[in-house]
Every structure is written in structure tokens, then in C-alpha cells.
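Below is one structure, written out as C-alpha cells, with a few remarks after it.
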Amino acid sequence: MTRERLAGVARAAFGGGRRLDAVERLRGGSKKGVHRLAFDDGGTAVVYVWSAGENYWPGARAEGDDTDPLAHASGLGLFEAAHRRLTALGVRTPRVHLLDRSGRHLPADVAVVEDVPGENLEALLDRDPDAARPVLARLAATLDVLRRHGDAPAYGKLALLDNGGTSQGRSCEQLIRDRALADLAEAAARDPRIAAARERLADLLDARYTAVRPRTRYGLVHGELGPDHVLVDAAGEPVLIDIEGLMHFDPEWEHAFLRIRFGSHYPLLHTGTSEPLDPHRLALHALAQRLSLVAGPLRLLDGDFPHREAMRAIAEHNLHEALALAGQGAPR
């Protein structure tokens, strides 16, 4: 995405009074392109580009099926529905300058959004954990807002439900178990250590699935809320990004991921002000998350994703964690 290609997008968003000086591709964005625009007046903005050429996921599973809550969440429709709901709830996310489906400027759907200055929460936690504590407290309050206002009788991606659609599957737990078994099979085909433990891991999945009791109400979850998906604005407020996966689902799915990604900082995110989390669902979702974080990065490495060592490290770490849950270690 060169300056020339994005100049039309910039004019559509801000008019002709600002000259686009530079374009910088930002790290991340495995399913969409993320680019910073720098203008002659010192201002900046961020452009999201949803196109096949900006999607690093190889194969058919890169294509999102909106009826599958666990399929890849990518696209302007999902982004728009999520942004609308979060804004209505008072949850901070980058302000939108332009949504464009016309294809006049690029052969892709495009959003131009606010460029939130400063670092993300992951960098702040690494640099100054004490300074991050108030941000974590505000993020915990945001999670409580999502649980209180997300109560719904059906699960699924927000755009799908808002348009009267119905999700696949009989229940969240059935979808989780089936996806985890598929991830287990895929990981076992790629790594002999998982292959050696496949039967034990499958048995553990079945045992955790069997322990889950039925549920008929679902919270609102981000779906992939790691500290790298939380920016920190000048007022110290958390700003959620990569919001396309927003959906009604088990809150335990969110919290299983939060536990993995926030580690020792996680207790600050679970304030207990909402309904208690179901420990059986947490146990099932935790194992499923580990298997997903093995199979997914290994699959991504089949393509030309640029940050390869980071993906290998994610897969390796979660492989060891999955084997530990099954009571089986692996040589490092």
C-alpha cells in the first residue's frame, strides 16, 4: 500500500485540504492490512484494508463464515457492527473517519480510523507494570460493561445476530469441543509431540466437555482480547482494537484467553462484580485455547506471514502448556 494508492482514501476521509506525506505499515494485522497515514499538518490516521492480498492466513480456513462464531472474524461488516455496539455502550475504540465499500479508491473494503497516540497495553506492562495498573482497572470495568449489557438468548457474531441470522451448532461448548478436536488433529499432523499425546488430549477434552452444564444466556465478548489489542490513550483509557470478532458467547471463552495473555496480571481483570464464571466451562475453554494457539500459528506459517519467529514462539509455548494440562511433558 503505497502513498499513491492510499491518497484517494485520505481525500475521501478528510477532503483535499491535507496532503498525505507518508504511509507506514503497522505490525500485526494477520487478516487485514493496517497502515498509518501521516499528513503535512502533522496529523495521522490509521487505515484498515480488508482484501485477499492483506490476509496472511492460507487455505480455506482463512475465509470467515459468519455463522460459525469461531471462524476467522474479518471484514468491514463485522467491524461496523462491533464499532456501533461498543460506541453505544460507551466502550472506547478508535473513532471512525470513513467506511468505504465502493471500491473507488482501492479494490477492497476500507475503514479510516483515529490513530490513538502512545503505546499499547502490552508495551506498557513490559515497561512499567505499576503505571499499567490503573489501565487494567479500567479494562476490568469495560469487561464488566460487556457482561452486563451483552446478556442475550443466542450466541454468535454480532453482525449476524443483528441481521436476524442464526449461528451453527447446538451450544457454545459443542462448538468449542469440535473446534478443539480439529485443532488437535491439525497440530498432531504437524508436530510429533502433540501426535504422541493426541489420545490423552482428546480424552481430556471429552471429560471437560461432559462436565459442562447447559446454558441459555450469553455475554458479549471481544474474542481475542490480548494486551496487544488494547491501546492506551492520552487519558490512560483502554482503547479496544481488532474488534471484528465481537460476539455473544460464553464469557469464559474471553476469560480463558485473558488468563493466557495477561498471565500474572489477570486477577486485576476479574473483579467478581458480575455473575461468577463457570469453572467447568473455563477448564474446557482453557484447553481449547491452548490447542488453538498451537494449530493456528503453525497454520499461519504455511503462508508468507512476516513475523515468523514470534509465531513459532507462540506455538511452542502453548504446545508445552497443552501437554502440561494432559499431564505429559515435552522436551524443549
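Each chain in the C-alpha cells gets a letter, A, B and so on, in the order shown; residues start at 1 in every chain, and ligands are counted from 1 in the order they appear.
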DSSP says helix (DSSP H, G or I) for which residues of segment 67-288 of chain A? Put them as a ChimeraX atom specification? /A:76-88,121-127,129-149,158-162,172-190,192-196,198-210,227-229,251-269,279-288
I'd like the neighbourhood of segment 242-254 of chain A as a short mmCIF file (atom, residue, chain, number, x, y, z; two decimals) with N, CA, C and O atoms, in the first residue's frame, where a residue qualifies if any of its atoms comes within 7 Å (using only C-alpha atoms), though same-chain residues fewer than 5 positions away should be ignored.
data_model
loop_
_atom_site.label_atom_id
_atom_site.label_comp_id
_atom_site.auth_asym_id
_atom_site.auth_seq_id
_atom_site.Cartn_x
_atom_site.Cartn_y
_atom_site.Cartn_z
N ALA A 73 -12.65 -13.90 12.10
CA ALA A 73 -13.51 -12.71 12.09
C ALA A 73 -12.81 -11.62 11.31
O ALA A 73 -11.83 -11.03 11.78
N SER A 74 -13.28 -11.36 10.11
CA SER A 74 -12.63 -10.34 9.28
C SER A 74 -13.64 -9.75 8.33
O SER A 74 -14.47 -10.47 7.77
N LEU A 78 -18.44 -6.84 9.91
CA LEU A 78 -18.22 -7.21 11.31
C LEU A 78 -17.66 -6.03 12.10
O LEU A 78 -18.06 -5.78 13.24
N PHE A 79 -16.72 -5.30 11.48
CA PHE A 79 -16.14 -4.15 12.14
C PHE A 79 -17.20 -3.09 12.44
O PHE A 79 -17.26 -2.55 13.55
N ALA A 82 -19.59 -4.17 15.26
CA ALA A 82 -18.90 -4.14 16.55
C ALA A 82 -18.67 -2.72 17.03
O ALA A 82 -18.87 -2.40 18.21
N GLY A 150 -24.35 -7.39 27.59
CA GLY A 150 -24.29 -8.35 26.48
C GLY A 150 -25.18 -9.55 26.66
O GLY A 150 -25.19 -10.46 25.83
N ALA A 152 -27.71 -12.18 26.24
CA ALA A 152 -28.53 -12.46 25.06
C ALA A 152 -28.95 -13.92 25.05
O ALA A 152 -28.26 -14.78 25.59
N TYR A 155 -26.16 -17.15 20.81
CA TYR A 155 -24.73 -16.87 20.65
C TYR A 155 -24.42 -16.65 19.18
O TYR A 155 -25.14 -17.12 18.29
N GLY A 156 -23.34 -15.91 18.93
CA GLY A 156 -22.92 -15.70 17.55
C GLY A 156 -22.32 -14.33 17.34
O GLY A 156 -22.33 -13.48 18.23
N LYS A 157 -21.79 -14.13 16.15
CA LYS A 157 -21.17 -12.86 15.79
C LYS A 157 -22.23 -11.76 15.73
O LYS A 157 -23.37 -11.98 15.31
N LEU A 158 -21.82 -10.59 16.15
CA LEU A 158 -22.77 -9.50 16.35
C LEU A 158 -23.50 -9.15 15.06
O LEU A 158 -24.73 -8.98 15.04
N CYS A 172 -22.39 -23.42 22.70
CA CYS A 172 -21.01 -22.94 22.69
C CYS A 172 -20.04 -24.08 22.99
O CYS A 172 -19.00 -24.23 22.33
N TYR A 218 -26.00 -15.57 27.05
CA TYR A 218 -24.62 -15.40 26.62
C TYR A 218 -24.18 -13.95 26.76
O TYR A 218 -24.95 -13.03 26.49
N GLY A 219 -22.93 -13.75 27.16
CA GLY A 219 -22.37 -12.43 27.31
C GLY A 219 -21.83 -11.88 26.01
O GLY A 219 -21.88 -12.53 24.96
N LEU A 220 -21.29 -10.68 26.07
CA LEU A 220 -20.67 -10.04 24.92
C LEU A 220 -19.16 -10.11 25.12
O LEU A 220 -18.65 -9.67 26.16
N VAL A 221 -18.44 -10.68 24.15
CA VAL A 221 -17.00 -10.88 24.30
C VAL A 221 -16.28 -10.33 23.08
O VAL A 221 -16.81 -10.33 21.96
N HIS A 222 -15.07 -9.86 23.31
CA HIS A 222 -14.21 -9.36 22.23
C HIS A 222 -13.73 -10.52 21.38
O HIS A 222 -13.70 -10.44 20.15
N GLY A 223 -13.33 -11.61 22.02
CA GLY A 223 -12.93 -12.82 21.32
C GLY A 223 -11.43 -13.03 21.22
O GLY A 223 -10.98 -14.16 21.06
N HIS A 229 -4.06 -5.90 21.86
CA HIS A 229 -5.28 -5.39 21.23
C HIS A 229 -5.96 -4.34 22.09
O HIS A 229 -7.15 -4.07 21.92
N LEU A 277 -17.91 -16.88 37.03
CA LEU A 277 -17.60 -17.69 35.86
C LEU A 277 -17.78 -19.17 36.21
O LEU A 277 -17.54 -19.60 37.34
N ARG A 281 -16.72 -24.68 32.38
CA ARG A 281 -16.54 -24.05 31.07
C ARG A 281 -15.14 -23.45 30.94
O ARG A 281 -14.51 -23.54 29.88
N LEU A 282 -14.65 -22.84 32.00
CA LEU A 282 -13.29 -22.31 31.97
C LEU A 282 -12.27 -23.41 31.66
O LEU A 282 -11.34 -23.20 30.89
N HIS A 285 -12.59 -24.42 27.97
CA HIS A 285 -12.13 -23.36 27.08
C HIS A 285 -10.62 -23.16 27.19
O HIS A 285 -9.97 -22.83 26.19
#
Which residue gives the smallest distance to Ala13 of chain A among A:Lys31, A:Ala195, A:Leu291, A:His97, with only C-alpha atoms counted?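 When distances to Ala13 of chain A are compared using only C-alpha atoms, the smallest one comes from A:His97.
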Point out the residue among A:His317, A:Arg133, A:Arg213, A:Arg312 with the least atom-to-atom distance to Leu269 of chain A, counting only C-alpha atoms. A:Arg133
Hey, can you check how far atom CA of Asp151 of chain A sits from atom CA of Asp183 of chain A? 28.8 Å
Atom CA of Pro214 of chain A to atom CA of Phe262 of chain A, distance in Å rounded to a single decimal: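 Atom CA of Phe262 of chain A lies at a distance of 28.4 Å from atom CA of Pro214 of chain A.
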Mind pulling up the distance from atom CA of Arg84 of chain A to atom CA of Leu139 of chain A?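 Atom-to-atom, atom CA of Leu139 of chain A and atom CA of Arg84 of chain A are spaced 18.9 Å apart.
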When you count only C-alpha atoms, which of these residues is closest to Asp115 of chain A: A:Arg36, A:Arg85, A:Arg179, A:Arg290? A:Arg36
Report as a PyMOL selection string all protein, DNA and RNA residues lying within 12 Å of Pro267 of chain A, evaluated on only C-alpha atoms, omitting residues in the same chain fewer than 3 positions from it. chain A and resi 133+136-137+139-140+255+258-260+262-264+270-272
Just-selected residues, N, CA and C atoms written as a PDB file, in the first residue's frame:
ATOM      1  N   ARG A 133      -1.390  -0.434  36.091  1.00  0.00           N
ATOM      2  CA  ARG A 133      -2.449  -0.903  36.981  1.00  0.00           C
ATOM      3  C   ARG A 133      -3.756  -0.117  36.829  1.00  0.00           C
ATOM      4  N   LEU A 136      -5.451  -1.332  33.714  1.00  0.00           N
ATOM      5  CA  LEU A 136      -6.041  -2.652  33.919  1.00  0.00           C
ATOM      6  C   LEU A 136      -7.357  -2.541  34.686  1.00  0.00           C
ATOM      7  N   ALA A 137      -7.401  -1.649  35.666  1.00  0.00           N
ATOM      8  CA  ALA A 137      -8.650  -1.458  36.419  1.00  0.00           C
ATOM      9  C   ALA A 137      -9.758  -0.944  35.503  1.00  0.00           C
ATOM     10  N   LEU A 139      -9.877  -1.417  32.262  1.00  0.00           N
ATOM     11  CA  LEU A 139     -10.212  -2.512  31.354  1.00  0.00           C
ATOM     12  C   LEU A 139     -11.129  -3.518  32.042  1.00  0.00           C
ATOM     13  N   ALA A 140     -10.898  -3.773  33.331  1.00  0.00           N
ATOM     14  CA  ALA A 140     -11.791  -4.656  34.088  1.00  0.00           C
ATOM     15  C   ALA A 140     -13.205  -4.092  34.109  1.00  0.00           C
ATOM     16  N   HIS A 255     -12.390 -15.076  29.165  1.00  0.00           N
ATOM     17  CA  HIS A 255     -11.525 -15.099  30.339  1.00  0.00           C
ATOM     18  C   HIS A 255     -10.443 -16.172  30.240  1.00  0.00           C
ATOM     19  N   LEU A 258      -7.917 -14.300  28.317  1.00  0.00           N
ATOM     20  CA  LEU A 258      -7.312 -13.269  29.160  1.00  0.00           C
ATOM     21  C   LEU A 258      -6.284 -13.869  30.119  1.00  0.00           C
ATOM     22  N   ARG A 259      -6.605 -15.013  30.704  1.00  0.00           N
ATOM     23  CA  ARG A 259      -5.671 -15.665  31.627  1.00  0.00           C
ATOM     24  C   ARG A 259      -4.359 -16.005  30.941  1.00  0.00           C
ATOM     25  N   ILE A 260      -4.468 -16.491  29.701  1.00  0.00           N
ATOM     26  CA  ILE A 260      -3.260 -16.848  28.951  1.00  0.00           C
ATOM     27  C   ILE A 260      -2.449 -15.601  28.614  1.00  0.00           C
ATOM     28  N   PHE A 262      -2.659 -12.343  29.742  1.00  0.00           N
ATOM     29  CA  PHE A 262      -2.271 -11.374  30.772  1.00  0.00           C
ATOM     30  C   PHE A 262      -1.491 -12.012  31.912  1.00  0.00           C
ATOM     31  N   GLY A 263      -1.476 -13.335  32.004  1.00  0.00           N
ATOM     32  CA  GLY A 263      -0.643 -14.014  32.993  1.00  0.00           C
ATOM     33  C   GLY A 263      -0.894 -13.546  34.410  1.00  0.00           C
ATOM     34  N   SER A 264       0.169 -13.129  35.076  1.00  0.00           N
ATOM     35  CA  SER A 264       0.072 -12.725  36.483  1.00  0.00           C
ATOM     36  C   SER A 264      -0.765 -11.472  36.686  1.00  0.00           C
ATOM     37  N   HIS A 270     -10.452  -9.565  36.656  1.00  0.00           N
ATOM     38  CA  HIS A 270     -11.667 -10.274  37.062  1.00  0.00           C
ATOM     39  C   HIS A 270     -12.071  -9.761  38.439  1.00  0.00           C
ATOM     40  N   THR A 271     -12.948  -8.774  38.421  1.00  0.00           N
ATOM     41  CA  THR A 271     -13.288  -8.082  39.665  1.00  0.00           C
ATOM     42  C   THR A 271     -14.338  -8.811  40.478  1.00  0.00           C
ATOM     43  N   GLY A 272     -15.031  -9.775  39.849  1.00  0.00           N
ATOM     44  CA  GLY A 272     -16.050 -10.509  40.575  1.00  0.00           C
ATOM     45  C   GLY A 272     -17.345  -9.749  40.762  1.00  0.00           C
TER      46      GLY A 272
END
Minimum-distance residue to Thr67 of chain A, chosen among A:Ile241, A:Leu325, A:Leu160, A:Val46 (using only C-alpha atoms): A:Leu160
From the set A:Pro276, A:Gly164, A:Gly75, A:Gly42, which residue has the shortest atom-to-atom contact distance to Arg147 of chain A, counting only C-alpha atoms? A:Pro276
Hey, which of A:Ala182, A:Leu143, A:Ala295, A:Ala288 ends up closest to Leu86 of chain A? Count only C-alpha atoms. A:Leu143
